[in-house]
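**Q** Data: model_33.cif, mmCIF, C-alpha atoms (C1' of nucleotides).
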data_structure
#
loop_
_atom_site.label_atom_id
_atom_site.label_comp_id
_atom_site.auth_asym_id
_atom_site.auth_seq_id
_atom_site.Cartn_x
_atom_site.Cartn_y
_atom_site.Cartn_z
CA MET A 20 -6.94 -24.75 8.23
CA GLN A 21 -10.60 -25.70 8.57
CA THR A 22 -13.77 -24.01 7.44
CA LYS A 23 -17.21 -24.49 8.93
CA ILE A 24 -20.45 -23.25 7.42
CA LEU A 25 -22.55 -21.50 10.04
CA PRO A 26 -25.71 -19.39 9.78
CA GLN A 27 -23.63 -16.20 10.25
CA GLY A 28 -21.10 -17.12 7.58
CA ILE A 29 -17.88 -19.08 7.23
CA LEU A 30 -15.85 -19.79 10.34
CA LEU A 31 -12.18 -20.31 9.66
CA SER A 32 -10.34 -22.25 12.34
CA GLU A 33 -7.00 -23.94 12.91
CA ILE A 34 -5.26 -21.26 10.90
CA LYS A 35 -1.78 -20.21 11.88
CA ASP A 36 -0.40 -16.71 11.51
CA PHE A 37 -3.54 -14.70 10.80
CA ASP A 38 -4.07 -11.52 12.79
CA LEU A 39 -6.75 -9.22 11.39
CA LYS A 40 -5.52 -5.97 12.84
CA LYS A 41 -1.96 -6.46 11.70
CA THR A 42 -3.08 -7.56 8.25
CA LEU A 43 -5.70 -4.88 7.60
CA ASP A 44 -4.10 -1.95 9.40
CA CYS A 45 -0.45 -2.09 8.32
CA GLY A 46 -0.57 0.24 5.32
CA GLN A 47 -0.92 -2.32 2.53
CA CYS A 48 -4.65 -1.73 1.97
CA PHE A 49 -6.80 1.31 2.61
CA ARG A 50 -10.42 0.22 2.42
CA PHE A 51 -10.89 -1.62 5.71
CA TYR A 52 -12.09 0.06 8.89
CA GLN A 53 -12.56 -1.35 12.38
CA ASN A 54 -16.03 -1.05 13.91
CA ASN A 55 -16.71 -0.21 17.55
CA ASP A 56 -17.45 -3.86 18.29
CA GLY A 57 -14.00 -4.84 17.05
CA SER A 58 -15.13 -6.35 13.76
CA TRP A 59 -13.68 -5.17 10.45
CA HIS A 60 -15.55 -4.01 7.41
CA GLY A 61 -14.20 -3.18 4.00
CA VAL A 62 -14.40 -3.65 0.27
CA ALA A 63 -12.05 -5.34 -2.16
CA GLY A 64 -12.90 -4.58 -5.77
CA ASN A 65 -16.68 -4.71 -5.71
CA ARG A 66 -16.95 -7.15 -2.81
CA PRO A 67 -17.86 -5.90 0.65
CA LEU A 68 -16.91 -8.02 3.64
CA THR A 69 -17.36 -7.97 7.41
CA LEU A 70 -15.16 -10.25 9.48
CA TYR A 71 -14.03 -10.65 13.06
CA GLN A 72 -11.79 -12.70 15.29
CA THR A 73 -13.45 -15.04 17.84
CA ASN A 74 -12.18 -17.61 20.31
CA ASP A 75 -12.78 -20.27 17.69
CA GLY A 76 -11.16 -18.56 14.73
CA ILE A 77 -12.09 -15.92 12.20
CA MET A 78 -15.66 -15.38 11.06
CA PHE A 79 -16.28 -14.22 7.50
CA LYS A 80 -19.82 -12.87 7.77
CA ASN A 81 -22.60 -13.58 5.32
CA ILE A 82 -20.64 -15.21 2.54
CA THR A 83 -20.89 -18.60 0.88
CA LYS A 84 -18.20 -21.21 0.92
CA GLU A 85 -17.87 -20.69 -2.83
CA GLU A 86 -17.11 -16.99 -2.40
CA PHE A 87 -14.71 -17.78 0.39
CA ASN A 88 -12.78 -20.31 -1.67
CA ALA A 89 -12.88 -18.43 -4.94
CA PHE A 90 -11.96 -15.02 -3.60
CA TRP A 91 -11.23 -14.33 0.07
CA ARG A 92 -9.02 -17.35 0.59
CA ILE A 93 -6.77 -16.03 -2.16
CA TYR A 94 -7.09 -12.39 -1.11
CA PHE A 95 -5.86 -13.18 2.40
CA ASP A 96 -3.15 -15.52 1.06
CA LEU A 97 -4.40 -18.26 3.38
CA ASP A 98 -2.71 -21.18 1.63
CA ARG A 99 0.80 -19.93 2.25
CA ASP A 100 2.93 -21.19 5.14
CA TYR A 101 4.31 -18.00 6.69
CA GLU A 102 6.20 -19.91 9.36
CA ALA A 103 8.24 -21.74 6.74
CA ILE A 104 8.90 -18.48 4.92
CA CYS A 105 10.20 -16.87 8.12
CA ARG A 106 12.70 -19.67 8.60
CA ALA A 107 14.31 -18.78 5.28
CA PHE A 108 14.87 -15.11 6.15
CA PRO A 109 18.41 -13.90 6.83
CA ASP A 110 19.80 -14.72 10.25
CA SER A 111 19.70 -11.30 11.88
CA VAL A 112 18.57 -9.97 15.25
CA TYR A 113 16.30 -7.31 13.74
CA MET A 114 14.84 -9.77 11.25
CA ARG A 115 13.82 -12.02 14.12
CA LYS A 116 12.46 -9.07 16.10
CA SER A 117 10.48 -7.84 13.10
CA ALA A 118 9.04 -11.27 12.33
CA ARG A 119 8.03 -11.87 15.92
CA PHE A 120 6.52 -8.40 16.34
CA SER A 121 4.58 -8.71 13.08
CA SER A 122 3.58 -12.37 13.35
CA GLY A 123 0.09 -12.93 12.03
CA MET A 124 0.37 -10.27 9.37
CA ARG A 125 -0.30 -11.61 5.88
CA VAL A 126 0.54 -9.88 2.62
CA LEU A 127 -2.72 -9.47 0.74
CA ARG A 128 -3.24 -10.37 -2.90
CA GLN A 129 -5.15 -7.30 -4.03
CA ASP A 130 -6.38 -6.24 -7.43
CA ALA A 131 -3.60 -4.70 -9.53
CA TRP A 132 -5.62 -1.70 -10.76
CA GLU A 133 -6.92 -0.85 -7.31
CA THR A 134 -3.41 -1.16 -5.89
CA LEU A 135 -1.94 1.02 -8.61
CA ILE A 136 -4.34 3.90 -7.96
CA SER A 137 -4.17 3.49 -4.19
CA PHE A 138 -0.39 3.78 -4.10
CA ILE A 139 -0.34 6.65 -6.59
CA ILE A 140 -2.54 8.42 -4.05
CA SER A 141 -0.27 7.35 -1.18
CA GLN A 142 2.76 9.32 -2.30
CA ASN A 143 3.85 12.14 0.02
CA ASN A 144 0.67 11.54 2.01
CA ASN A 145 -0.46 10.07 5.33
CA ILE A 146 -2.58 6.99 5.84
CA PRO A 147 -5.75 8.63 7.26
CA ARG A 148 -5.87 11.03 4.33
CA ILE A 149 -5.09 8.30 1.80
CA LYS A 150 -8.07 6.37 3.14
CA GLY A 151 -10.29 9.45 2.90
CA ILE A 152 -9.34 10.15 -0.72
CA ILE A 153 -9.91 6.53 -1.74
CA ASP A 154 -13.26 6.53 0.04
CA ARG A 155 -14.36 9.61 -1.90
CA LEU A 156 -13.07 8.06 -5.13
CA CYS A 157 -15.26 4.99 -4.60
CA ARG A 158 -18.34 6.85 -3.35
CA ASN A 159 -18.31 9.20 -6.30
CA PHE A 160 -17.26 6.96 -9.16
CA GLY A 161 -17.58 3.34 -7.99
CA GLN A 162 -20.43 0.93 -8.45
CA GLN A 163 -22.81 0.68 -5.54
CA CYS A 164 -22.83 -2.74 -3.88
CA GLY A 165 -25.22 -2.91 -0.95
CA GLY A 166 -24.39 -0.01 1.33
CA ASP A 167 -20.84 0.09 -0.02
CA PHE A 168 -19.12 1.27 -3.15
CA GLY A 169 -16.75 -0.70 -5.32
CA PHE A 170 -13.49 0.54 -6.74
CA PRO A 171 -14.06 2.49 -9.98
CA SER A 172 -12.87 0.83 -13.18
CA PRO A 173 -10.20 2.28 -15.50
CA THR A 174 -12.79 3.02 -18.19
CA VAL A 175 -15.00 5.00 -15.82
CA LEU A 176 -12.08 7.11 -14.61
CA ALA A 177 -10.65 7.55 -18.11
CA GLU A 178 -13.77 9.51 -19.11
CA LEU A 179 -13.26 12.08 -16.35
CA ASP A 180 -11.14 15.23 -16.26
CA GLU A 181 -9.24 17.02 -13.52
CA GLN A 182 -12.27 19.10 -12.59
CA ASP A 183 -14.30 15.96 -11.97
CA LEU A 184 -11.58 14.68 -9.68
CA GLY A 185 -11.56 17.92 -7.70
CA ILE A 186 -14.08 16.32 -5.36
CA LEU A 187 -11.36 13.94 -4.19
CA ARG A 188 -9.20 16.81 -2.89
CA CYS A 189 -6.10 14.80 -3.73
CA GLY A 190 -4.13 17.73 -5.17
CA TRP A 191 -1.66 17.13 -7.97
CA ARG A 192 -2.24 13.38 -7.81
CA SER A 193 -5.40 13.72 -9.88
CA ALA A 194 -3.32 14.14 -13.06
CA TYR A 195 -1.53 10.89 -12.22
CA ILE A 196 -4.81 9.04 -11.65
CA LEU A 197 -6.10 10.19 -15.02
CA ASP A 198 -2.91 9.22 -16.82
CA ALA A 199 -3.07 5.73 -15.32
CA ALA A 200 -6.77 5.35 -16.13
CA ARG A 201 -6.35 6.45 -19.73
CA ARG A 202 -3.37 4.22 -20.44
CA VAL A 203 -4.89 1.16 -18.82
CA SER A 204 -8.26 1.79 -20.40
CA ALA A 205 -6.69 2.19 -23.84
CA GLY A 206 -4.78 -1.07 -23.43
CA GLU A 207 -1.45 0.74 -23.70
CA ILE A 208 -0.69 -0.57 -20.22
CA ASN A 209 -1.81 -4.16 -19.64
CA LEU A 210 -1.62 -4.97 -15.95
CA LYS A 211 -2.24 -8.70 -16.44
CA GLU A 212 0.69 -8.89 -18.85
CA ILE A 213 2.92 -6.83 -16.59
CA ALA A 214 2.17 -9.15 -13.68
CA LYS A 215 3.76 -12.03 -15.59
CA MET A 216 6.86 -10.20 -16.86
CA PRO A 217 10.39 -10.67 -15.51
CA ILE A 218 10.43 -8.32 -12.58
CA ASP A 219 12.77 -5.69 -13.99
CA ASP A 220 10.67 -5.43 -17.15
CA ALA A 221 7.54 -5.15 -15.02
CA ARG A 222 9.13 -2.35 -12.99
CA LYS A 223 9.98 -0.42 -16.14
CA ALA A 224 6.54 -0.92 -17.65
CA LEU A 225 4.77 0.38 -14.54
CA GLN A 226 7.04 3.40 -14.30
CA LYS A 227 5.85 4.58 -17.71
CA ILE A 228 2.75 5.82 -15.91
CA LYS A 229 3.01 9.42 -14.71
CA GLY A 230 3.48 9.57 -10.97
CA VAL A 231 4.71 6.00 -10.75
CA GLY A 232 8.31 5.74 -9.62
CA PRO A 233 10.31 2.93 -8.01
CA LYS A 234 8.38 2.87 -4.74
CA VAL A 235 4.85 2.85 -6.18
CA ALA A 236 5.83 0.28 -8.82
CA GLU A 237 7.23 -1.98 -6.12
CA CYS A 238 4.01 -1.70 -4.08
CA VAL A 239 1.90 -2.61 -7.11
CA LEU A 240 4.09 -5.65 -7.77
CA LEU A 241 3.96 -6.84 -4.18
CA TYR A 242 0.41 -6.05 -3.06
CA GLY A 243 -1.38 -6.11 -6.41
CA MET A 244 0.45 -8.66 -8.52
CA GLY A 245 1.48 -11.33 -6.05
CA ARG A 246 5.15 -10.71 -6.74
CA TYR A 247 6.52 -11.58 -3.31
CA GLU A 248 10.10 -10.81 -4.27
CA ALA A 249 9.22 -7.11 -4.63
CA PHE A 250 10.62 -4.93 -1.85
CA PRO A 251 9.21 -1.39 -1.54
CA LEU A 252 11.71 1.10 -0.14
CA ASP A 253 10.02 4.10 1.40
CA VAL A 254 11.74 6.52 3.78
CA TRP A 255 11.24 4.16 6.75
CA MET A 256 12.53 1.11 4.93
CA LYS A 257 15.56 2.97 3.62
CA ARG A 258 16.40 3.97 7.14
CA ALA A 259 15.81 0.45 8.42
CA MET A 260 18.04 -0.99 5.73
CA SER A 261 20.96 1.29 6.47
CA GLU A 262 20.68 1.23 10.26
CA LEU A 263 19.30 -2.23 11.07
CA PHE A 264 20.50 -4.30 8.12
CA PRO A 265 23.85 -2.84 7.04
CA GLY A 266 25.36 -4.83 4.21
CA LEU A 267 22.08 -6.44 3.22
CA GLU A 268 20.05 -5.54 0.14
CA PRO A 269 16.53 -6.48 -0.94
CA LYS A 270 17.79 -9.59 -2.71
CA SER A 271 19.36 -10.81 0.54
CA PHE A 272 15.85 -11.51 1.84
CA GLY A 273 15.12 -14.08 -0.84
CA GLU A 274 12.09 -15.22 -2.78
CA TYR A 275 9.65 -13.76 -0.23
CA ALA A 276 11.54 -10.54 0.43
CA GLY A 277 8.28 -8.60 0.23
CA ILE A 278 6.96 -10.35 3.32
CA ALA A 279 10.17 -9.55 5.20
CA GLN A 280 9.81 -5.97 4.03
CA GLN A 281 6.28 -5.74 5.40
CA TYR A 282 7.37 -7.17 8.76
CA ILE A 283 10.31 -4.77 8.99
CA PHE A 284 8.20 -1.79 7.92
CA HIS A 285 5.59 -2.52 10.59
CA PHE A 286 8.19 -3.16 13.28
CA SER A 287 10.19 -0.01 12.61
CA ARG A 288 7.11 2.23 12.35
CA CYS A 289 5.82 0.94 15.67
CA ASN A 290 9.25 1.05 17.34
CA PRO A 291 10.96 4.18 16.03
CA ASP A 292 13.37 4.08 18.97
CA CYS A 293 15.01 1.03 17.41
CA PHE A 294 16.96 3.52 15.32
CA THR A 295 20.06 5.07 16.82
CA LYS A 296 19.32 8.53 18.12
CA CYS A 297 21.45 11.29 16.77
"C1'" DC B 10 0.05 27.12 13.92
"C1'" DG B 11 3.89 24.62 11.68
"C1'" DC B 12 5.62 20.35 10.42
"C1'" DC B 13 5.22 16.51 7.70
"C1'" DA B 14 3.26 12.59 5.14
"C1'" DG B 15 4.70 4.39 2.59
"C1'" DG B 16 7.35 10.09 -3.65
"C1'" DC B 17 7.62 11.81 -8.09
"C1'" DT B 18 8.59 15.29 -11.71
"C1'" DT B 19 11.12 19.00 -13.05
"C1'" DC B 20 14.68 22.16 -12.70
"C1'" DT B 21 19.54 23.26 -11.86
"C1'" DA B 22 24.56 22.84 -11.77
"C1'" DT C 14 23.65 12.44 -13.57
"C1'" DA C 15 23.17 13.84 -8.97
"C1'" DG C 16 20.77 16.81 -5.81
"C1'" DA C 17 17.27 19.89 -4.47
"C1'" DA C 18 12.99 22.45 -5.10
"C1'" DG C 19 8.16 22.26 -5.82
"C1'" DC C 20 4.02 19.98 -5.68
"C1'" DA C 21 -1.99 20.07 -3.04
"C1'" DT C 22 -4.03 18.98 0.97
"C1'" DG C 23 -5.02 18.21 5.58
"C1'" DG C 24 -3.69 15.05 9.97
"C1'" DC C 25 -1.57 15.76 14.08
#
Show this structure as structure tokens.

**A**
Amino acid sequence: MQTKILPQGILLSEIKDFDLKKTLDCGQCFRFYQNNDGSWHGVAGNRPLTLYQTNDGIMFKNITKEEFNAFWRIYFDLDRDYEAICRAFPDSVYMRKSARFSSGMRVLRQDAWETLISFIISQNNNIPRIKGIIDRLCRNFGQQCGGDFGFPSPTVLAELDEQDLGILRCGWRSAYILDAARRVSAGEINLKEIAKMPIDDARKALQKIKGVGPKVAECVLLYGMGRYEAFPLDVWMKRAMSELFPGLEPKSFGEYAGIAQQYIFHFSRCNPDCFTKC
DNA sequence: CGCCAGGCTTCTA
DNA sequence: TAGAAGCATGGC
């Protein structure tokens, strides 16, 4: 991996396994959108970013090398060798198909709070609407940063009530958002502590929040706490496990099971005919 | 228009 | 303690 400082920003080259579309459009984050010119724009926390793929590599527009190294390099998990991780996955036809189909996708290291709220919103919902609700959440209650809006803090949301959240049009999820905000804001739930706990303790701690069950907790651990052994099982993954990986369980996929999960999720969503028709 | 969405809580047997 | 109903909203 090499970085070059150019007038437009930081150009990242000689990087293996980094595909922007697969990474930003696979249902792990909800704040990035593709522009008409093919570039991507989004916000993580309070940091906006525009980036695009060129013949020479990936351009991170208008940022300093310091910001790249201190934040985006970690966010995009650029120091991990995905090829080596793939070699350690179980020897299975559908594992190989999933890894090949999804190659270039990286599992992001997002903020735990933002991930918690995002996946509370995601339940029994579809991705376009999830993105819309999160956009309204940030526009109405987030801090303005340039032309964008950051993700609102727990303390800001904890002061609101269900009427205030009506503007989100997120239905019954607003009670869950408020419960999470109040507990985190009060220190009753400490996300930094939870991130370091043994994983079963962390799961239990997260599920104390209203509206957080096994699936949402697993997503927070994987996408928001860098716990790569976490393995979210949604309806698609449950089906994939029983039909494509009979006899295997999350643990069978090892230390980086979460990456395997993301590959399999993407593969099976894009190829629903891989399941036996009945 | 009707079905369904990266589930969870609550109710019922 | 397992299984199903109910949940608000809108994308397709």

**Q** Return the neighbours of chain A among the residues of chain C, cut-off 12 Å, counting all atoms listed in the file, as a list in words.

**A** DG19, DC20, DA21, DT22, DG23, DG24 and DC25 of chain C

**Q** Could you state which residues are captured by the PyMOL selection byres ((chain A) within 9 of (chain B)) in this file, as a list of chain:residue names?

**A** A:Gly46, A:Gln47, A:Phe138, A:Ile139, A:Ser141, A:Gln142, A:Asn143, A:Asn144, A:Asn145, A:Ile146, A:Lys229, A:Gly230, A:Val231, A:Gly232, A:Pro233, A:Lys234, A:Val235, A:Pro251, A:Leu252, A:Asp253, A:Val254, A:Trp255, A:Met256, A:Phe284

**Q** Given the file shown, enumerate the residues that the PyMOL selection byres ((chain A and resi 262-271) around 10) captures and present them as number ranges by chain.

**A** A: 108-109, 111-114, 248-252, 256-261, 272-277, 279-280, 283, 287, 293-295

**Q** How many Å separate CA of Trp59 in chain A from CA of Ala118 in chain A?

**A**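 We find that CA of Trp59 in chain A and CA of Ala118 in chain A lie 23.6 Å from each other.
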
**Q** Do you have the CA of Glu207 in chain A-CA of Cys48 in chain A distance handy?

**A**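 That distance, rounded to one decimal, is 26.0 Å.
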
**Q** Neighbouring residues of Ala205 in chain A were defined as those with any atom within 10 Å, considering all atoms listed in the file; residues of the same chain fewer than 4 positions away were excluded. Please report them as a list in words.

**A**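 Those residues are Pro173, Thr174, Ala177, Ala199, Ala200, Arg201 and Asn209 of chain A.
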
**Q** Any idea what the distance is between CA of Cys289 in chain A and CA of Phe51 in chain A?

**A**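 About the pair CA of Cys289 in chain A and CA of Phe51 in chain A: they are 19.6 Å apart.
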
**Q** I would like the residues chosen by the PyMOL selection byres ((chain A and resi 60-71) around 9) on the shown file; could you give them as a short mmCIF file (atom, residue, chain, number, x, y, z; two decimals) with C-alpha atoms, in the frame of the given file?

**A**
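Saved the output as part29.cif:
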data_model
loop_
_atom_site.label_atom_id
_atom_site.label_comp_id
_atom_site.auth_asym_id
_atom_site.auth_seq_id
_atom_site.Cartn_x
_atom_site.Cartn_y
_atom_site.Cartn_z
CA LEU A 39 -6.75 -9.22 11.39
CA PHE A 49 -6.80 1.31 2.61
CA ARG A 50 -10.42 0.22 2.42
CA PHE A 51 -10.89 -1.62 5.71
CA TYR A 52 -12.09 0.06 8.89
CA GLN A 53 -12.56 -1.35 12.38
CA ASN A 54 -16.03 -1.05 13.91
CA GLY A 57 -14.00 -4.84 17.05
CA SER A 58 -15.13 -6.35 13.76
CA TRP A 59 -13.68 -5.17 10.45
CA GLN A 72 -11.79 -12.70 15.29
CA THR A 73 -13.45 -15.04 17.84
CA GLY A 76 -11.16 -18.56 14.73
CA ILE A 77 -12.09 -15.92 12.20
CA MET A 78 -15.66 -15.38 11.06
CA PHE A 79 -16.28 -14.22 7.50
CA LYS A 80 -19.82 -12.87 7.77
CA ASN A 81 -22.60 -13.58 5.32
CA ILE A 82 -20.64 -15.21 2.54
CA TYR A 94 -7.09 -12.39 -1.11
CA GLN A 129 -5.15 -7.30 -4.03
CA ASP A 130 -6.38 -6.24 -7.43
CA GLU A 133 -6.92 -0.85 -7.31
CA GLY A 161 -17.58 3.34 -7.99
CA GLN A 162 -20.43 0.93 -8.45
CA GLN A 163 -22.81 0.68 -5.54
CA CYS A 164 -22.83 -2.74 -3.88
CA GLY A 165 -25.22 -2.91 -0.95
CA GLY A 166 -24.39 -0.01 1.33
CA ASP A 167 -20.84 0.09 -0.02
CA PHE A 168 -19.12 1.27 -3.15
CA GLY A 169 -16.75 -0.70 -5.32
CA PHE A 170 -13.49 0.54 -6.74
CA PRO A 171 -14.06 2.49 -9.98
#

**Q** Please identify all polymer residues lying at most 12 Å from the point (-8.8, -15.4, -2.0) (file coordinates), using only C-alpha atoms (C1' of nucleotides), and present the result as a PyMOL selection string.

**A** chain A and resi 63+66+84-99+126-130+245

**Q** Dump C-alpha atoms for the selected residues as a PDB file, in the frame of the given file?

**A**
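Printed below is again-v1.pdb as written:
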ATOM      1  CA  ALA A  63     -12.050  -5.340  -2.160  1.00  0.00           C
ATOM      2  CA  ARG A  66     -16.950  -7.150  -2.810  1.00  0.00           C
ATOM      3  CA  LYS A  84     -18.200 -21.210   0.920  1.00  0.00           C
ATOM      4  CA  GLU A  85     -17.870 -20.690  -2.830  1.00  0.00           C
ATOM      5  CA  GLU A  86     -17.110 -16.990  -2.400  1.00  0.00           C
ATOM      6  CA  PHE A  87     -14.710 -17.780   0.390  1.00  0.00           C
ATOM      7  CA  ASN A  88     -12.780 -20.310  -1.670  1.00  0.00           C
ATOM      8  CA  ALA A  89     -12.880 -18.430  -4.940  1.00  0.00           C
ATOM      9  CA  PHE A  90     -11.960 -15.020  -3.600  1.00  0.00           C
ATOM     10  CA  TRP A  91     -11.230 -14.330   0.070  1.00  0.00           C
ATOM     11  CA  ARG A  92      -9.020 -17.350   0.590  1.00  0.00           C
ATOM     12  CA  ILE A  93      -6.770 -16.030  -2.160  1.00  0.00           C
ATOM     13  CA  TYR A  94      -7.090 -12.390  -1.110  1.00  0.00           C
ATOM     14  CA  PHE A  95      -5.860 -13.180   2.400  1.00  0.00           C
ATOM     15  CA  ASP A  96      -3.150 -15.520   1.060  1.00  0.00           C
ATOM     16  CA  LEU A  97      -4.400 -18.260   3.380  1.00  0.00           C
ATOM     17  CA  ASP A  98      -2.710 -21.180   1.630  1.00  0.00           C
ATOM     18  CA  ARG A  99       0.800 -19.930   2.250  1.00  0.00           C
ATOM     19  CA  VAL A 126       0.540  -9.880   2.620  1.00  0.00           C
ATOM     20  CA  LEU A 127      -2.720  -9.470   0.740  1.00  0.00           C
ATOM     21  CA  ARG A 128      -3.240 -10.370  -2.900  1.00  0.00           C
ATOM     22  CA  GLN A 129      -5.150  -7.300  -4.030  1.00  0.00           C
ATOM     23  CA  ASP A 130      -6.380  -6.240  -7.430  1.00  0.00           C
ATOM     24  CA  GLY A 245       1.480 -11.330  -6.050  1.00  0.00           C
TER      25      GLY A 245
END
